[in-house]
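I have placed the structure first, in the form of structure tokens, so that the comments after it can refer back to it.
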Amino acid sequence: MNMFLTLVSTLTHSEKERIRGEVHKTETEEKLLDAVLNVTDRTQQHLKEQLCKQLGFSSSHFDKICSVLFEKCLTLFAGNDYQRKAFFLNGKYLHDIRLHFLLSYEKKNIRTMNLDEKKAFYAFAYRINLYGNTWQGENNKVKEFAQKYQKVIPSKSDYLYIESLTLKARIDFFRRANLSNNDKSELHELVHNLVDKCNATNDILLQFEAYSTALIYYTRIEGNSSEGKKYAGQAFGLCEQYPDILADTEMLVVLMEIAALYYIEGENDAAYQVFHRIFEKHYALAKKQYRSIEQYTQVCFLLRKYDEAFMLIQEYWLHYCDTFHEALTVPACIMVAKYYLLTGTYSKAFPLIEKAEQHVDKNRFFHTDAQIRNLKTLFFALSGDTDTTLMLCQRNIKYLHSKAESKEKTMFTAFFRILQSIINNPYKPLTKRQSTEMEFFRKGTAGVYGELLDTVQSQYCNKKS
């Protein structure tokens, strides 16, 4: 992986112009930089080899210049502080590069750090690298940061702090994986043990970490809104009672989870108010929290605040539709395609759906692939192509039966069966079972699909009247 080429692929037009004008460069560095910035298709294979051939550079010479330019660009955008540089890479969803950067920084600087500096470095490196990385168990680089942190700070409080962060990371990973009953039982026990241990201390930060861990567990794993709201209230209370101890970062964690709870429960007005507060009062911290940005955008869709949704799309999503980014291009294309389908600009939606379809890893991101299938089929339905719509419904039902787990099978195939019924007879009421299934498409992430199914039904009723 060439870190400079990857970094450039995530930059906006204004950021690229800053590099051109503000980075001090040698003649050779400028020659390479111009060639890289002028690349139009960053998804093409063997980009490095093509650039080496174009510039007449050897592979090692190319890598050396890229390494120098990477450091200069990172300093331009984030200054000299290692934490700010890591946060910048985090905001670009460059998790592997962020980890490599901190490992490199450790290697160069650890011998000259005093004990407090080591504590600060390892605590920061462990915490920031937990998120965005899949949970890999005991033998990964992130775990090594925790072990080194424990060696320099042997206190009970720090052990509990690490335990809390590690548990949050496991919850975040299991949210995206198939969770067995044994996994869920283990997590439930670990969460409540953590709350009990932290409550036994007088450490406000530890108590906050325990409550926020329980909040995230009940929101993302159990889907238990009443328990989630209980721990949200306790965490939020600590933030208000101890503002000198718990800064904006901690407040933001709680607010994002509260907003997510309302969103999942279909309480869209309440979710909107919390998201609006987050981005009004905590913008600097919130602007890189793409999970919350995604939910905020979809709440705007569901409340039909399309002007505000488009402002969010312009600021956070459009760029990644035009420039390839491994983590954000597919969700960006999905988000913007939803906007165009909801607002009736169908022709603009289809190229984005195709791009998402082209780049999604179907083996790793089954739910994302299912969303793309929904949107593609809806495009043809809304465009009036009945034959293609019915053909895709049948094909997707067959595909999902072969790929989905039993619980997911019902959820995903229900969408296409409901769409088939609407297309075949838009006036006929849904069956009792379909009406129950339709409730799933009335809130949360699936809520947009309920809106679009209603639009299809309205169009086909008008078409047949």
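Naming scheme: A, B, ... for chains in displayed order of the structure tokens; residues 1 onward per chain; ligands 1 onward as shown.
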For region 224-323 of chain A versus region 447-464 of chain A, which residues have an atom no more than 8 Å away, and what is each residue's nearest atom pair and distance in Å rounded to one decimal, using only C-alpha atoms, chain-then-number order, as JSON lines?
```
{"residue": "A:Gln298", "atom": "CA", "partner": "A:Val448", "partner_atom": "CA", "distance": 7.3}
{"residue": "A:Phe301", "atom": "CA", "partner": "A:Val448", "partner_atom": "CA", "distance": 7.1}
{"residue": "A:Leu302", "atom": "CA", "partner": "A:Val448", "partner_atom": "CA", "distance": 6.5}
```
Expected file contents, prior selection, C-alpha atoms, as a CSV table (one decimal), in the first residue's frame:
```
chain,number,residue,atom,x,y,z
A,298,GLN,CA,-31.7,9.6,6.7
A,301,PHE,CA,-35.2,12.0,4.4
A,302,LEU,CA,-37.9,10.6,6.6
```
Given only C-alpha atoms, how would the per-residue table for region 26-130 of chain A near region 142-152 of chain A read, listing every residue at most 12 Å away with its closest atom pair and distance in Å to one decimal, sorted by chain and number, as a tab-separated table?
```
residue	atom	partner	partner_atom	distance
A:His95	CA	A:Val142	CA	11.5
A:Asp96	CA	A:Val142	CA	11.1
A:Arg98	CA	A:Val142	CA	11.5
A:Leu99	CA	A:Val142	CA	8.2
A:His100	CA	A:Val142	CA	10.9
A:Leu102	CA	A:Phe145	CA	10.1
A:Leu103	CA	A:Phe145	CA	9.4
A:Glu106	CA	A:Phe145	CA	10.2
A:Ile110	CA	A:Lys148	CA	11.3
A:Met113	CA	A:Val152	CA	11.7
A:Asn114	CA	A:Val152	CA	10.3
A:Leu115	CA	A:Val152	CA	7.0
A:Asp116	CA	A:Val152	CA	8.8
A:Glu117	CA	A:Val152	CA	10.2
A:Lys118	CA	A:Val152	CA	7.3
A:Lys119	CA	A:Tyr149	CA	6.2
A:Ala120	CA	A:Tyr149	CA	8.8
A:Phe121	CA	A:Tyr149	CA	8.4
A:Tyr122	CA	A:Tyr149	CA	5.2
A:Ala123	CA	A:Tyr149	CA	6.2
A:Phe124	CA	A:Phe145	CA	9.1
A:Ala125	CA	A:Phe145	CA	6.6
A:Tyr126	CA	A:Phe145	CA	5.3
A:Arg127	CA	A:Ala146	CA	8.7
A:Ile128	CA	A:Val142	CA	9.3
A:Asn129	CA	A:Val142	CA	6.2
A:Leu130	CA	A:Val142	CA	6.7
```
What's around Ile418 (chain A) at 9 Å? Count only C-alpha atoms, leave out sequence neighbours fewer than 3 positions away in its own chain, and write the answer as a list of chain:residue names. A:Thr413, A:Ala414, A:Phe415, A:Ser421, A:Ile422, A:Ile423, A:Leu430, A:Gln434, A:Ser435, A:Glu437, A:Met438, A:Leu453
Create the file for the chosen residues now, containing C-alpha atoms and written as a PDB file, in the first residue's frame.
```pdb
ATOM      1  CA  THR A 413     -36.977 -11.214   0.957  1.00  0.00           C
ATOM      2  CA  ALA A 414     -40.035  -9.466   2.468  1.00  0.00           C
ATOM      3  CA  PHE A 415     -39.086  -6.255   0.676  1.00  0.00           C
ATOM      4  CA  SER A 421     -47.561  -7.440  -4.703  1.00  0.00           C
ATOM      5  CA  ILE A 422     -47.658  -3.679  -5.276  1.00  0.00           C
ATOM      6  CA  ILE A 423     -46.600  -4.003  -8.916  1.00  0.00           C
ATOM      7  CA  LEU A 430     -51.243  -6.160   1.766  1.00  0.00           C
ATOM      8  CA  GLN A 434     -46.985  -8.335   4.704  1.00  0.00           C
ATOM      9  CA  SER A 435     -48.473  -5.517   6.782  1.00  0.00           C
ATOM     10  CA  GLU A 437     -43.344  -6.996   7.655  1.00  0.00           C
ATOM     11  CA  MET A 438     -43.982  -3.506   6.298  1.00  0.00           C
ATOM     12  CA  LEU A 453     -42.492   1.527  -1.518  1.00  0.00           C
TER      13      LEU A 453
END
```
Separating CA of Asp387 (chain A) from CA of Pro426 (chain A), to the nearest tenth of an Å, is a gap of 15.3 Å
Given only C-alpha atoms as the counted atoms, nearest of A:Ala337, A:Leu205, A:Cys300, A:Leu261 to Gly228 (chain A):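 Checking each candidate against Gly228 (chain A), we get A:Leu261 as the closest.
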Of A:Lys443, A:Thr329, A:Ile278, A:His61, the one nearest to Tyr262 (chain A) when counting only C-alpha atoms is A:Lys443
Nearby residues (only C-alpha atoms) at most 12 Å from region 304-309 of chain A, same-chain spacing under 3 positions excluded, as number ranges by chain: A: 268-269, 272, 276, 293-301, 312-318, 335-336, 338-344, 447-448, 451
Store the residues of this selection in a file with C-alpha atoms, as a tab-separated table (two decimals), in the first residue's frame.
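As written to disk, again-v6.tsv reads:
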```tsv
chain	number	residue	atom	x	y	z
A	268	ASN	CA	-37.71	10.86	13.98
A	269	ASP	CA	-38.64	14.28	15.35
A	272	TYR	CA	-33.72	15.22	14.49
A	276	HIS	CA	-29.36	19.18	15.15
A	293	ILE	CA	-23.95	11.75	9.70
A	294	GLU	CA	-25.57	8.82	7.90
A	295	GLN	CA	-28.37	8.61	10.46
A	296	TYR	CA	-28.88	12.40	10.48
A	297	THR	CA	-29.18	12.44	6.68
A	298	GLN	CA	-31.73	9.62	6.73
A	299	VAL	CA	-33.77	11.31	9.47
A	300	CYS	CA	-33.95	14.36	7.18
A	301	PHE	CA	-35.18	12.04	4.39
A	312	LEU	CA	-25.53	17.30	4.28
A	313	ILE	CA	-25.03	15.41	1.02
A	314	GLN	CA	-23.03	18.27	-0.47
A	315	GLU	CA	-20.82	18.58	2.60
A	316	TYR	CA	-20.24	14.94	3.48
A	317	TRP	CA	-21.19	12.55	0.65
A	318	LEU	CA	-20.91	13.91	-2.90
A	335	MET	CA	-26.99	7.77	0.31
A	336	VAL	CA	-27.06	10.09	-2.70
A	338	LYS	CA	-31.66	7.44	-2.05
A	339	TYR	CA	-31.93	11.23	-2.23
A	340	TYR	CA	-32.43	11.21	-6.00
A	341	LEU	CA	-35.04	8.42	-5.82
A	342	LEU	CA	-36.92	10.19	-3.03
A	343	THR	CA	-36.93	13.51	-4.90
A	344	GLY	CA	-37.89	12.00	-8.28
A	447	GLY	CA	-37.43	3.63	6.82
A	448	VAL	CA	-36.39	5.11	3.48
A	451	GLU	CA	-41.17	5.71	1.85
```
